[in-house]
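Reproduced below: input02.txt, with compact mmCIF, C-alpha atoms and all ligand atoms.
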# COMPACT_ATOMS: atom_id res chain seq x y z
CA MET A 1 -24.18 13.66 14.84
CA ALA A 2 -27.28 13.75 12.61
CA THR A 3 -29.48 10.64 12.35
CA LYS A 4 -27.97 8.21 9.88
CA PRO A 5 -29.82 6.59 6.99
CA ALA A 6 -31.00 3.01 7.50
CA SER A 7 -28.38 0.65 6.10
CA ASP A 8 -28.59 -2.77 4.53
CA PRO A 9 -26.24 -4.90 6.69
CA SER A 10 -25.38 -7.07 3.68
CA LEU A 11 -23.54 -4.03 2.25
CA SER A 12 -21.16 -3.66 5.20
CA LEU A 13 -17.45 -3.86 4.46
CA TYR A 14 -17.30 -6.09 7.51
CA ARG A 15 -18.46 -8.85 5.17
CA LEU A 16 -14.84 -8.90 3.94
CA LEU A 17 -14.15 -10.93 7.07
CA ASP A 18 -15.99 -13.80 5.34
CA PRO A 19 -13.25 -15.69 3.42
CA ALA A 20 -15.54 -16.16 0.40
CA VAL A 21 -16.16 -12.39 0.15
CA LEU A 22 -12.49 -11.66 0.76
CA ALA A 23 -11.53 -14.02 -2.09
CA ASP A 24 -13.61 -11.91 -4.49
CA PRO A 25 -14.77 -8.60 -3.01
CA TYR A 26 -15.75 -7.12 -6.39
CA PRO A 27 -19.44 -8.22 -6.37
CA LEU A 28 -19.82 -6.52 -2.95
CA TYR A 29 -18.15 -3.37 -4.27
CA ALA A 30 -20.43 -3.43 -7.35
CA ARG A 31 -23.53 -3.67 -5.13
CA LEU A 32 -22.30 -0.76 -3.01
CA ARG A 33 -21.56 1.33 -6.12
CA GLU A 34 -24.99 0.68 -7.63
CA GLU A 35 -27.31 0.37 -4.62
CA ASP A 36 -25.85 2.76 -2.06
CA PRO A 37 -22.80 4.63 -3.38
CA VAL A 38 -22.51 6.84 -0.29
CA HIS A 39 -23.18 4.21 2.31
CA TRP A 40 -23.41 4.67 6.07
CA ASP A 41 -21.77 1.59 7.58
CA PRO A 42 -23.11 1.29 11.14
CA PHE A 43 -20.66 -1.50 11.99
CA LEU A 44 -17.59 0.50 11.00
CA HIS A 45 -19.23 3.72 12.10
CA CYS A 46 -18.12 5.54 8.97
CA TRP A 47 -19.26 6.39 5.46
CA VAL A 48 -18.10 4.15 2.63
CA VAL A 49 -17.77 5.64 -0.87
CA THR A 50 -17.25 3.42 -3.89
CA ARG A 51 -17.86 5.40 -7.11
CA TYR A 52 -14.80 6.72 -8.92
CA ASP A 53 -15.86 10.39 -8.79
CA ASP A 54 -16.73 10.23 -5.09
CA VAL A 55 -13.48 8.45 -4.15
CA HIS A 56 -11.61 11.05 -6.17
CA LEU A 57 -13.39 13.93 -4.43
CA VAL A 58 -12.83 12.48 -0.95
CA LEU A 59 -9.09 11.97 -1.61
CA LYS A 60 -8.79 15.49 -2.99
CA GLU A 61 -10.89 17.48 -0.53
CA PHE A 62 -11.18 15.66 2.80
CA SER A 63 -8.69 15.72 5.67
CA ALA A 64 -6.00 13.06 6.05
CA ASP A 65 -5.49 14.04 9.70
CA ARG A 66 -7.19 10.98 11.15
CA THR A 67 -4.84 9.70 13.82
CA PRO A 68 -5.59 10.59 17.43
CA SER A 69 -2.62 12.20 19.15
CA PRO A 70 -1.17 10.55 22.27
CA ASP A 71 -2.93 13.26 24.36
CA GLN A 72 -6.28 12.62 22.70
CA LEU A 73 -5.86 8.89 23.35
CA ARG A 74 -5.13 9.53 27.02
CA ALA A 75 -8.18 11.82 27.23
CA LEU A 76 -10.28 8.93 25.86
CA GLY A 77 -8.82 6.67 28.54
CA ILE A 78 -6.95 4.59 25.94
CA THR A 79 -3.47 3.85 27.19
CA GLY A 80 -0.60 1.69 26.02
CA ILE A 81 -0.59 2.48 22.31
CA GLU A 82 0.84 6.01 22.60
CA PRO A 83 4.21 4.99 21.03
CA ILE A 84 2.37 4.05 17.82
CA ALA A 85 0.42 7.31 17.86
CA GLU A 86 3.67 9.27 18.51
CA LEU A 87 4.98 7.95 15.21
CA MET A 88 1.81 8.26 13.17
CA VAL A 89 1.21 11.92 14.04
CA ARG A 90 4.61 12.71 12.47
CA GLN A 91 4.04 10.64 9.31
CA MET A 92 3.15 12.46 6.12
CA LEU A 93 0.30 10.04 5.41
CA PHE A 94 -1.68 11.40 8.36
CA LEU A 95 -1.03 15.13 8.01
CA ASP A 96 -2.70 18.01 6.14
CA ALA A 97 -1.19 21.13 4.59
CA PRO A 98 0.80 23.13 5.49
CA LYS A 99 2.61 20.58 7.69
CA HIS A 100 2.17 17.83 5.09
CA THR A 101 3.39 20.00 2.20
CA HIS A 102 6.51 20.97 4.13
CA LEU A 103 7.33 17.45 5.25
CA ARG A 104 6.69 15.89 1.84
CA LYS A 105 8.85 18.54 0.14
CA LEU A 106 11.73 17.79 2.49
CA CYS A 107 11.35 14.02 2.04
CA SER A 108 11.08 14.44 -1.75
CA THR A 109 14.50 16.06 -1.93
CA ALA A 110 15.83 12.76 -0.53
CA PHE A 111 13.71 10.42 -2.66
CA THR A 112 14.18 11.61 -6.19
CA PRO A 113 13.28 9.73 -9.42
CA ARG A 114 17.05 9.84 -10.14
CA ARG A 115 17.80 7.88 -6.95
CA VAL A 116 15.23 5.29 -8.03
CA GLU A 117 16.66 5.08 -11.58
CA LEU A 118 20.13 4.47 -10.19
CA LEU A 119 18.82 1.40 -8.42
CA GLU A 120 17.44 -0.27 -11.56
CA ALA A 121 20.37 -2.61 -12.28
CA ARG A 122 20.54 -3.58 -8.60
CA ILE A 123 16.81 -4.30 -8.49
CA GLU A 124 17.13 -6.56 -11.54
CA ALA A 125 20.00 -8.43 -9.88
CA ILE A 126 17.95 -8.88 -6.68
CA ALA A 127 15.04 -10.32 -8.71
CA ASP A 128 17.37 -12.74 -10.53
CA ARG A 129 19.03 -13.86 -7.32
CA LEU A 130 15.68 -14.69 -5.69
CA ILE A 131 14.57 -16.69 -8.73
CA ASP A 132 17.99 -18.48 -8.96
CA ARG A 133 17.40 -19.96 -5.51
CA VAL A 134 14.29 -21.91 -6.59
CA ALA A 135 14.60 -22.16 -10.39
CA PRO A 136 16.12 -25.69 -10.45
CA THR A 137 13.19 -27.09 -8.44
CA GLY A 138 10.49 -25.96 -10.88
CA ARG A 139 8.42 -24.82 -7.90
CA MET A 140 8.03 -21.54 -6.10
CA ASP A 141 5.83 -19.95 -3.47
CA VAL A 142 5.67 -16.63 -5.28
CA ILE A 143 4.77 -14.70 -2.12
CA ASN A 144 7.30 -16.08 0.34
CA ASP A 145 10.16 -16.90 -2.07
CA PHE A 146 9.92 -13.75 -4.16
CA ALA A 147 7.25 -11.08 -3.69
CA ALA A 148 7.83 -10.59 0.06
CA PRO A 149 11.68 -10.50 0.19
CA PHE A 150 12.02 -8.58 -3.09
CA PRO A 151 10.81 -5.13 -1.93
CA SER A 152 12.45 -5.50 1.48
CA ILE A 153 15.88 -6.26 -0.01
CA VAL A 154 15.36 -3.34 -2.41
CA PHE A 155 14.42 -1.13 0.53
CA ALA A 156 17.51 -2.07 2.53
CA ALA A 157 19.57 -1.03 -0.52
CA LEU A 158 17.62 2.21 -0.84
CA LEU A 159 17.95 3.06 2.85
CA GLY A 160 21.67 2.36 2.88
CA VAL A 161 21.55 -0.29 5.63
CA PRO A 162 23.14 -3.78 5.46
CA GLU A 163 21.21 -6.08 3.10
CA GLU A 164 20.95 -8.87 5.67
CA ASP A 165 18.77 -6.54 7.80
CA HIS A 166 15.94 -7.02 5.30
CA VAL A 167 14.42 -9.96 7.19
CA GLN A 168 14.07 -7.80 10.27
CA LEU A 169 12.80 -4.80 8.29
CA LYS A 170 10.18 -7.00 6.67
CA ARG A 171 8.95 -8.39 9.99
CA TRP A 172 8.62 -4.91 11.50
CA SER A 173 6.88 -3.62 8.38
CA ALA A 174 4.36 -6.45 8.40
CA ASP A 175 3.54 -5.77 12.05
CA PHE A 176 3.19 -2.01 11.55
CA ALA A 177 1.12 -2.53 8.37
CA GLU A 178 -1.57 -4.06 10.58
CA MET A 179 -2.13 -0.54 11.91
CA LEU A 180 -2.20 1.00 8.42
CA GLY A 181 -4.29 -1.33 6.33
CA ASN A 182 -6.85 -2.49 8.81
CA PHE A 183 -10.08 -1.44 10.35
CA GLN A 184 -10.40 -4.61 12.42
CA HIS A 185 -7.62 -4.71 14.97
CA ASN A 186 -6.72 -7.84 16.81
CA ILE A 187 -6.22 -6.88 20.45
CA ASP A 188 -3.97 -9.93 20.97
CA ARG A 189 -1.54 -8.53 18.40
CA ILE A 190 -1.11 -5.09 19.99
CA ALA A 191 1.75 -6.20 22.26
CA GLN A 192 3.68 -7.52 19.24
CA VAL A 193 2.99 -4.39 17.18
CA LEU A 194 4.22 -2.25 20.12
CA ARG A 195 7.36 -4.35 20.45
CA SER A 196 8.09 -4.10 16.73
CA THR A 197 7.47 -0.35 16.77
CA ALA A 198 9.92 0.13 19.66
CA GLU A 199 12.57 -2.04 17.97
CA MET A 200 12.14 -0.30 14.64
CA VAL A 201 12.41 3.20 16.15
CA ASP A 202 15.47 2.10 18.09
CA TYR A 203 17.06 0.59 14.95
CA PHE A 204 16.65 3.80 12.95
CA ARG A 205 17.76 6.01 15.87
CA ARG A 206 20.93 3.97 16.34
CA ALA A 207 21.65 4.02 12.60
CA ILE A 208 21.33 7.81 12.59
CA GLU A 209 22.98 8.70 15.88
CA GLU A 210 25.81 6.17 16.21
CA GLU A 211 28.85 8.37 16.25
CA ASP A 212 31.55 5.85 15.34
CA ARG A 213 29.66 4.53 12.29
CA PRO A 214 28.78 7.28 9.82
CA LEU A 215 25.57 6.78 7.81
CA ALA A 216 26.09 5.10 4.45
CA ASP A 217 24.84 6.90 1.34
CA GLY A 218 21.14 6.25 0.94
CA LEU A 219 17.67 7.46 1.78
CA LEU A 220 18.27 7.67 5.53
CA LYS A 221 21.32 9.89 5.12
CA SER A 222 19.49 12.03 2.56
CA LEU A 223 16.53 12.47 4.91
CA VAL A 224 18.87 13.59 7.71
CA GLU A 225 20.58 16.07 5.39
CA ALA A 226 17.48 17.24 3.46
CA GLU A 227 17.05 20.99 3.67
CA VAL A 228 14.37 23.31 2.23
CA ASP A 229 14.47 27.07 2.95
CA GLY A 230 17.04 26.49 5.68
CA GLU A 231 14.83 23.96 7.50
CA ARG A 232 15.61 20.33 8.20
CA LEU A 233 13.63 17.37 9.50
CA SER A 234 13.95 16.63 13.20
CA ILE A 235 15.38 13.19 14.05
CA ASP A 236 11.88 12.08 15.15
CA GLU A 237 10.45 13.19 11.79
CA VAL A 238 13.22 11.36 9.89
CA ILE A 239 12.47 8.16 11.81
CA ALA A 240 8.67 8.44 11.47
CA ASN A 241 8.83 9.10 7.73
CA ALA A 242 11.54 6.54 6.99
CA ILE A 243 9.18 4.06 8.65
CA VAL A 244 6.04 5.11 6.72
CA THR A 245 8.03 5.01 3.49
CA MET A 246 9.35 1.54 4.29
CA VAL A 247 6.01 0.13 5.45
CA GLY A 248 4.10 1.84 2.60
CA GLY A 249 6.33 0.12 0.09
CA GLN A 250 6.42 -3.43 1.45
CA GLU A 251 3.04 -5.17 1.64
CA THR A 252 1.74 -3.13 -1.31
CA THR A 253 4.53 -4.15 -3.71
CA THR A 254 4.37 -7.75 -2.48
CA ASN A 255 0.66 -7.80 -3.23
CA LEU A 256 1.00 -6.13 -6.64
CA ILE A 257 3.31 -8.98 -7.65
CA GLY A 258 1.36 -11.81 -5.97
CA SER A 259 -2.19 -10.78 -6.93
CA GLY A 260 -0.97 -9.63 -10.37
CA LEU A 261 0.63 -12.98 -11.17
CA LEU A 262 -2.47 -14.84 -9.92
CA THR A 263 -4.64 -12.70 -12.22
CA LEU A 264 -2.37 -13.53 -15.17
CA MET A 265 -2.29 -17.26 -14.39
CA ARG A 266 -6.09 -17.28 -14.27
CA GLN A 267 -6.14 -15.66 -17.74
CA PRO A 268 -3.36 -17.53 -19.60
CA ASP A 269 -3.91 -15.62 -22.87
CA HIS A 270 -3.02 -12.42 -21.09
CA LEU A 271 -0.04 -14.08 -19.39
CA ALA A 272 1.28 -15.17 -22.81
CA GLU A 273 0.60 -11.69 -24.21
CA LEU A 274 2.68 -10.01 -21.48
CA ARG A 275 5.49 -12.57 -21.77
CA ASP A 276 5.69 -12.26 -25.57
CA ARG A 277 5.29 -8.49 -25.74
CA PRO A 278 7.41 -6.90 -22.98
CA GLU A 279 6.58 -3.50 -24.46
CA LEU A 280 3.20 -4.00 -22.73
CA LEU A 281 4.82 -4.07 -19.27
CA GLU A 282 4.24 -0.37 -18.65
CA THR A 283 0.49 -0.31 -19.37
CA GLY A 284 0.22 -3.90 -18.09
CA VAL A 285 1.46 -2.98 -14.61
CA GLU A 286 -1.00 -0.04 -14.49
CA GLU A 287 -3.82 -2.37 -15.48
CA LEU A 288 -2.91 -4.94 -12.82
CA LEU A 289 -2.84 -2.11 -10.25
CA ARG A 290 -6.33 -1.06 -11.36
CA TYR A 291 -7.72 -4.58 -11.59
CA GLU A 292 -6.43 -5.94 -8.23
CA SER A 293 -5.49 -2.83 -6.25
CA PRO A 294 -3.01 -3.70 -3.46
CA SER A 295 -4.28 -0.80 -1.34
CA GLN A 296 -8.05 -1.29 -1.42
CA HIS A 297 -9.23 1.62 0.67
CA THR A 298 -8.05 4.50 2.82
CA GLY A 299 -9.59 6.77 5.43
CA ARG A 300 -10.38 10.48 5.54
CA ILE A 301 -12.26 12.93 7.78
CA CYS A 302 -14.91 15.29 6.41
CA ARG A 303 -13.83 18.94 6.92
CA GLU A 304 -17.31 20.50 6.74
CA ASP A 305 -20.83 19.26 6.02
CA THR A 306 -20.63 18.01 2.43
CA GLN A 307 -23.33 16.81 0.07
CA LEU A 308 -22.24 13.67 -1.76
CA GLY A 309 -24.88 12.13 -4.03
CA ASP A 310 -28.10 12.28 -2.02
CA ARG A 311 -26.36 12.13 1.35
CA VAL A 312 -24.87 14.77 3.60
CA ILE A 313 -21.62 13.80 5.31
CA GLY A 314 -21.22 15.74 8.53
CA LYS A 315 -18.16 17.72 9.59
CA GLY A 316 -15.75 15.48 11.51
CA GLU A 317 -17.26 12.21 10.27
CA ALA A 318 -15.00 9.43 9.00
CA VAL A 319 -15.10 8.25 5.40
CA MET A 320 -13.64 5.14 3.85
CA ALA A 321 -12.69 5.77 0.22
CA VAL A 322 -12.62 2.40 -1.56
CA MET A 323 -10.13 2.90 -4.40
CA ALA A 324 -10.51 -0.72 -5.51
CA ALA A 325 -14.25 -0.15 -6.10
CA GLY A 326 -13.67 3.15 -7.94
CA ASN A 327 -11.18 1.32 -10.13
CA ARG A 328 -13.97 -1.01 -11.35
CA ASP A 329 -16.55 1.77 -11.85
CA PRO A 330 -18.17 1.39 -15.30
CA ARG A 331 -18.91 5.15 -15.26
CA ARG A 332 -15.17 5.71 -15.57
CA PHE A 333 -13.64 2.60 -17.16
CA ALA A 334 -14.89 0.76 -20.25
CA ASP A 335 -15.58 -2.89 -19.45
CA PRO A 336 -14.03 -2.50 -15.98
CA ASP A 337 -14.12 -6.18 -14.98
CA ALA A 338 -12.07 -7.16 -18.03
CA LEU A 339 -8.28 -7.16 -17.91
CA ASP A 340 -6.86 -5.10 -20.79
CA LEU A 341 -3.06 -4.98 -20.59
CA SER A 342 -2.87 -2.21 -23.17
CA ARG A 343 -5.67 -0.09 -21.65
CA ALA A 344 -4.88 3.48 -22.65
CA ASP A 345 -7.37 5.53 -20.61
CA ASN A 346 -6.32 4.22 -17.22
CA ARG A 347 -6.08 6.98 -14.63
CA HIS A 348 -6.73 4.59 -11.77
CA LEU A 349 -6.87 5.34 -8.04
CA ALA A 350 -4.52 2.55 -6.89
CA PHE A 351 -1.84 5.05 -5.81
CA GLY A 352 -4.39 7.45 -4.34
CA TRP A 353 -4.79 11.00 -5.64
CA ALA A 354 -3.73 14.60 -5.04
CA ALA A 355 -1.57 15.65 -2.08
CA HIS A 356 -1.06 12.13 -0.71
CA PHE A 357 -0.55 10.44 -4.10
CA CYS A 358 1.85 7.56 -3.43
CA PHE A 359 5.28 8.91 -2.64
CA GLY A 360 6.92 5.69 -3.86
CA ALA A 361 4.99 5.23 -7.13
CA PRO A 362 8.04 5.49 -9.45
CA LEU A 363 9.82 2.80 -7.42
CA ALA A 364 6.71 0.60 -7.19
CA ARG A 365 6.17 0.81 -10.96
CA MET A 366 9.79 -0.09 -11.66
CA GLU A 367 9.71 -3.01 -9.20
CA GLY A 368 6.48 -4.23 -10.80
CA ARG A 369 7.86 -4.09 -14.34
CA ILE A 370 11.08 -5.88 -13.35
CA ALA A 371 9.28 -8.53 -11.29
CA PHE A 372 6.72 -9.48 -13.97
CA ARG A 373 9.35 -9.48 -16.74
CA LYS A 374 11.76 -11.69 -14.80
CA LEU A 375 9.10 -14.06 -13.45
CA LEU A 376 7.52 -14.59 -16.88
CA GLU A 377 10.90 -14.95 -18.63
CA ARG A 378 12.33 -17.36 -16.13
CA MET A 379 9.30 -19.51 -15.29
CA PRO A 380 8.18 -21.10 -18.58
CA ASN A 381 4.65 -22.53 -18.46
CA VAL A 382 4.08 -21.15 -14.98
CA ALA A 383 0.81 -22.43 -13.49
CA LEU A 384 -0.96 -22.41 -10.16
CA ALA A 385 -0.01 -25.38 -7.97
CA ALA A 386 -2.72 -25.12 -5.30
CA ASP A 387 -6.43 -25.94 -5.20
CA THR A 388 -7.28 -23.30 -2.64
CA LEU A 389 -5.78 -19.93 -1.88
CA GLU A 390 -5.94 -17.94 1.33
CA TRP A 391 -6.09 -14.15 1.44
CA ARG A 392 -4.57 -12.14 4.27
CA GLU A 393 -6.91 -10.83 6.93
CA ASN A 394 -5.56 -7.31 6.38
CA LEU A 395 -8.61 -6.03 4.52
CA GLY A 396 -7.09 -2.75 3.37
CA LEU A 397 -3.87 -4.21 2.00
CA ARG A 398 -5.25 -7.02 -0.15
CA GLY A 399 -2.91 -9.92 -0.77
CA LEU A 400 -2.39 -13.66 -0.66
CA LYS A 401 -0.78 -15.57 2.19
CA ALA A 402 0.98 -17.89 -0.26
CA LEU A 403 0.98 -18.50 -4.01
CA PRO A 404 2.45 -21.92 -4.91
CA VAL A 405 3.28 -22.32 -8.61
CA ARG A 406 5.09 -24.85 -10.80
CA PHE A 407 6.97 -24.21 -14.01
CA ASP A 408 9.39 -25.91 -16.43
CA SER A 409 12.83 -26.02 -14.82
C1 LIG B 501 2.25 -1.25 -5.64
C2 LIG B 501 2.80 -0.56 -4.69
C3 LIG B 501 2.15 0.58 -3.97
C4 LIG B 501 0.83 0.94 -3.86
C5 LIG B 501 -0.38 0.27 -4.46
C6 LIG B 501 0.78 2.12 -3.01
C7 LIG B 501 -0.39 2.79 -2.68
C8 LIG B 501 -0.42 3.99 -2.00
C9 LIG B 501 -1.62 4.76 -1.75
C10 LIG B 501 -3.02 4.37 -2.17
C11 LIG B 501 -1.27 5.88 -1.07
C12 LIG B 501 -2.20 7.00 -0.60
C13 LIG B 501 -2.85 6.67 0.71
C14 LIG B 501 -3.80 7.75 1.15
O1 LIG B 501 -4.04 8.73 0.43
O2 LIG B 501 -4.33 7.62 2.27
C15 LIG B 501 0.16 5.81 -0.86
C16 LIG B 501 0.89 6.75 -0.17
C17 LIG B 501 2.20 6.57 0.16
N1 LIG B 501 3.06 5.59 -0.32
FE1 LIG B 501 2.59 4.07 -1.58
N2 LIG B 501 2.05 2.42 -2.62
C18 LIG B 501 2.92 1.53 -3.20
C19 LIG B 501 4.29 1.52 -3.09
C20 LIG B 501 5.01 2.39 -2.34
C21 LIG B 501 6.45 2.39 -2.24
C22 LIG B 501 7.38 1.44 -3.01
C23 LIG B 501 6.77 3.36 -1.34
C24 LIG B 501 8.10 3.82 -0.85
C25 LIG B 501 9.25 3.42 -1.24
C26 LIG B 501 5.53 3.99 -0.89
C27 LIG B 501 5.44 5.02 0.02
C28 LIG B 501 4.30 5.76 0.25
C29 LIG B 501 4.25 6.91 1.15
C30 LIG B 501 5.38 7.46 2.00
C31 LIG B 501 2.94 7.42 1.08
C32 LIG B 501 2.38 8.63 1.83
C33 LIG B 501 2.41 9.83 0.91
C34 LIG B 501 1.81 11.06 1.53
O3 LIG B 501 1.08 10.96 2.51
O4 LIG B 501 2.07 12.16 1.02
N3 LIG B 501 4.49 3.38 -1.52
N4 LIG B 501 0.65 4.66 -1.44

I need this file expressed as structure tokens, please.
Amino acid sequence: MATKPASDPSLSLYRLLDPAVLADPYPLYARLREEDPVHWDPFLHCWVVTRYDDVHLVLKEFSADRTPSPDQLRALGITGIEPIAELMVRQMLFLDAPKHTHLRKLCSTAFTPRRVELLEARIEAIADRLIDRVAPTGRMDVINDFAAPFPSIVFAALLGVPEEDHVQLKRWSADFAEMLGNFQHNIDRIAQVLRSTAEMVDYFRRAIEEEDRPLADGLLKSLVEAEVDGERLSIDEVIANAIVTMVGGQETTTNLIGSGLLTLMRQPDHLAELRDRPELLETGVEELLRYESPSQHTGRICREDTQLGDRVIGKGEAVMAVMAAGNRDPRRFADPDALDLSRADNRHLAFGWAAHFCFGAPLARMEGRIAFRKLLERMPNVALAADTLEWRENLGLRGLKALPVRFDS
């Protein structure tokens, strides 16, 4: 590996571990974008790119194949986490073409926009039911009463598994998400993540293979039956990709709703605007995704020596593409730190770009529109009911631990 440029330690993404930086990472991202847009982070041992055009290029051109296989782990002397690697190497998120193209095509036949549309009335009913439970009290913890259970109940419906399983699905997803969103892994948590992974794989395998209980209509059944050019997914591929689809859609949607509502409560004029003009929900949800991106960054591997700005990224080196920083780049967005719910030119990076563009974006957008409409309609005069807020330590999947609010009941 070539000698790396000297780096200013105050630009390291590790600073996100400081709660004050985590509460508002945008000044750090702005410094990175302006002072060292292609930054070598010696603490993370990877490049960090923050300008819109560079993030875009990395997502489009670099390799997504970044998960060591179980054999590679063993060769490195790392044992014990092979079951997690077994899953990840089969998940579309971590594969390149042609394997990725094939897998995504097969999964797409099972996850059509039509299937999502059919769920709309059910999703609305789920949102209402969750609000009904707390409406008479005039108080809600938006994360734990609404934003966390909402996508997991929706996902149970989508999968075609019993609704009451959503609590379990949510717990497994949260554990597995630690592997997806994080670059700082807590060794003490590995045993729990392994346990959850084993239980989750077992749950899906039983649902698929149990002979006396045929699969209900839903995503799982469609994945098992999906066929393109006479080829089907193996059972292991069905399980791995049902899991990445479930996990990919949980914390992210929770955080879109939680961070989005916090943003609106901090800017009451915009909150009133969205409540009074529901026709703004479509552009409003896109703007909230840009402004407080639930998935802040993702990783890639450089395929061959590549000049980016005045730096050369070497073949095989890791790159962190910070979508949340690209989404505030003044070179791309007018007045990027201002919230503009009717922003028209808003091709943000919150769902990624190109081959790995979020597979669940149509569902996420619909869930976002329904959630904001229902919450604003049914919580008159909603306001923050906490002096301090805590953000989750998962630095890639940005979101609040809790969001207490009060409203007129
Ligand atoms: C607000 C909600 C969401 C956000 C912000 C989000 C964000 C993203 C991003 C940034 C990527 C690309 C990651 C990369 O390139 O490394 C991605 C991929 C993906 N997302 Fe989402 N997501 C959301 C909701 C969902 C939902 C609801 C589902 C499923 C129901 C889902 C399933 C997936 C899957 C399976 C991939 C991998 C696609 C591939 O590799 O081809 N996501 N998402």

Quote the spacing between CA of Ser196 (chain A) and CA of Glu393 (chain A) in Å to one decimal place. 19.1 Å

Residues within 8 Å of Leu289 (chain A), only C-alpha atoms, excluding chain neighbours under 3 positions, as a JSON list (two decimals) with C-alpha atoms, keeping the file's coordinate frame:
[["chain", "number", "residue", "atom", "x", "y", "z"],
["A", 256, "LEU", "CA", 1.00, -6.13, -6.64],
["A", 260, "GLY", "CA", -0.97, -9.63, -10.37],
["A", 285, "VAL", "CA", 1.46, -2.98, -14.61],
["A", 286, "GLU", "CA", -1.00, -0.04, -14.49],
["A", 292, "GLU", "CA", -6.43, -5.94, -8.23],
["A", 293, "SER", "CA", -5.49, -2.83, -6.25],
["A", 294, "PRO", "CA", -3.01, -3.70, -3.46],
["A", 348, "HIS", "CA", -6.73, 4.59, -11.77],
["A", 350, "ALA", "CA", -4.52, 2.55, -6.89]]

If you count only C-alpha atoms, which residues fall within 10 Å of Pro27 (chain A), apart from same-chain ones fewer than 6 positions away, as a list in words?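 The contact residues come out as Val21, Arg33 and Ala325 of chain A.
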
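Reported to one decimal place, the separation of CA of Arg195 (chain A) from CA of Ile81 (chain A) is 10.6 Å.
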
A:Ile153, A:Met366, A:Ala75, A:Ala385 ranked by distance to Asp165 (chain A), top pick (using all atoms listed in the file): A:Ile153

May I have the protein, DNA and RNA residues with any atom at most 12 Å from the point (11.5, -3.6, -12.4), counting only C-alpha atoms, written as a PDB file with C-alpha atoms, keeping the file's coordinate frame?
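Result file follows (point-v5.pdb):
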ATOM      1  CA  VAL A 116      15.230   5.290  -8.030  1.00  0.00           C
ATOM      2  CA  GLU A 117      16.660   5.080 -11.580  1.00  0.00           C
ATOM      3  CA  LEU A 119      18.820   1.400  -8.420  1.00  0.00           C
ATOM      4  CA  GLU A 120      17.440  -0.270 -11.560  1.00  0.00           C
ATOM      5  CA  ALA A 121      20.370  -2.610 -12.280  1.00  0.00           C
ATOM      6  CA  ARG A 122      20.540  -3.580  -8.600  1.00  0.00           C
ATOM      7  CA  ILE A 123      16.810  -4.300  -8.490  1.00  0.00           C
ATOM      8  CA  GLU A 124      17.130  -6.560 -11.540  1.00  0.00           C
ATOM      9  CA  ALA A 125      20.000  -8.430  -9.880  1.00  0.00           C
ATOM     10  CA  ILE A 126      17.950  -8.880  -6.680  1.00  0.00           C
ATOM     11  CA  ALA A 127      15.040 -10.320  -8.710  1.00  0.00           C
ATOM     12  CA  ASP A 128      17.370 -12.740 -10.530  1.00  0.00           C
ATOM     13  CA  PHE A 150      12.020  -8.580  -3.090  1.00  0.00           C
ATOM     14  CA  PRO A 151      10.810  -5.130  -1.930  1.00  0.00           C
ATOM     15  CA  VAL A 154      15.360  -3.340  -2.410  1.00  0.00           C
ATOM     16  CA  THR A 253       4.530  -4.150  -3.710  1.00  0.00           C
ATOM     17  CA  ILE A 257       3.310  -8.980  -7.650  1.00  0.00           C
ATOM     18  CA  PRO A 278       7.410  -6.900 -22.980  1.00  0.00           C
ATOM     19  CA  LEU A 281       4.820  -4.070 -19.270  1.00  0.00           C
ATOM     20  CA  GLU A 282       4.240  -0.370 -18.650  1.00  0.00           C
ATOM     21  CA  VAL A 285       1.460  -2.980 -14.610  1.00  0.00           C
ATOM     22  CA  PRO A 362       8.040   5.490  -9.450  1.00  0.00           C
ATOM     23  CA  LEU A 363       9.820   2.800  -7.420  1.00  0.00           C
ATOM     24  CA  ALA A 364       6.710   0.600  -7.190  1.00  0.00           C
ATOM     25  CA  ARG A 365       6.170   0.810 -10.960  1.00  0.00           C
ATOM     26  CA  MET A 366       9.790  -0.090 -11.660  1.00  0.00           C
ATOM     27  CA  GLU A 367       9.710  -3.010  -9.200  1.00  0.00           C
ATOM     28  CA  GLY A 368       6.480  -4.230 -10.800  1.00  0.00           C
ATOM     29  CA  ARG A 369       7.860  -4.090 -14.340  1.00  0.00           C
ATOM     30  CA  ILE A 370      11.080  -5.880 -13.350  1.00  0.00           C
ATOM     31  CA  ALA A 371       9.280  -8.530 -11.290  1.00  0.00           C
ATOM     32  CA  PHE A 372       6.720  -9.480 -13.970  1.00  0.00           C
ATOM     33  CA  ARG A 373       9.350  -9.480 -16.740  1.00  0.00           C
ATOM     34  CA  LYS A 374      11.760 -11.690 -14.800  1.00  0.00           C
ATOM     35  CA  LEU A 375       9.100 -14.060 -13.450  1.00  0.00           C
TER      36      LEU A 375
END

Write out as lines of an AutoDock Vina configuration file an axis-aligned box for region 51-69 of chain A: all of its atoms listed in the file, 8 Å added on each side, centre and edge lengths in Å with one decimal.
center_x = -10.2
center_y = 11.4
center_z = 5.1
size_x = 31.2
size_y = 28.1
size_z = 44.1

Closest to ligand LIG 501 (chain B) among A:Lys4, A:Arg300, A:Arg139, A:Arg114, using all atoms listed in the file?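 The closest residue to ligand LIG 501 (chain B) is A:Arg300.
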
Between CA of Glu225 (chain A) and CA of Glu209 (chain A), what distance in Å does the model show, to one decimal?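 So the answer is 13.0 Å.
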
List the neighbours of region 204-206 of chain A out to 10 Å using only C-alpha atoms; skip same-chain residues closer than 3 positions along the sequence, and give me the result as a VMD selection string. chain A and resid 161 199 to 201 209 to 211 213 220 235 to 236 238 to 240 242 to 243
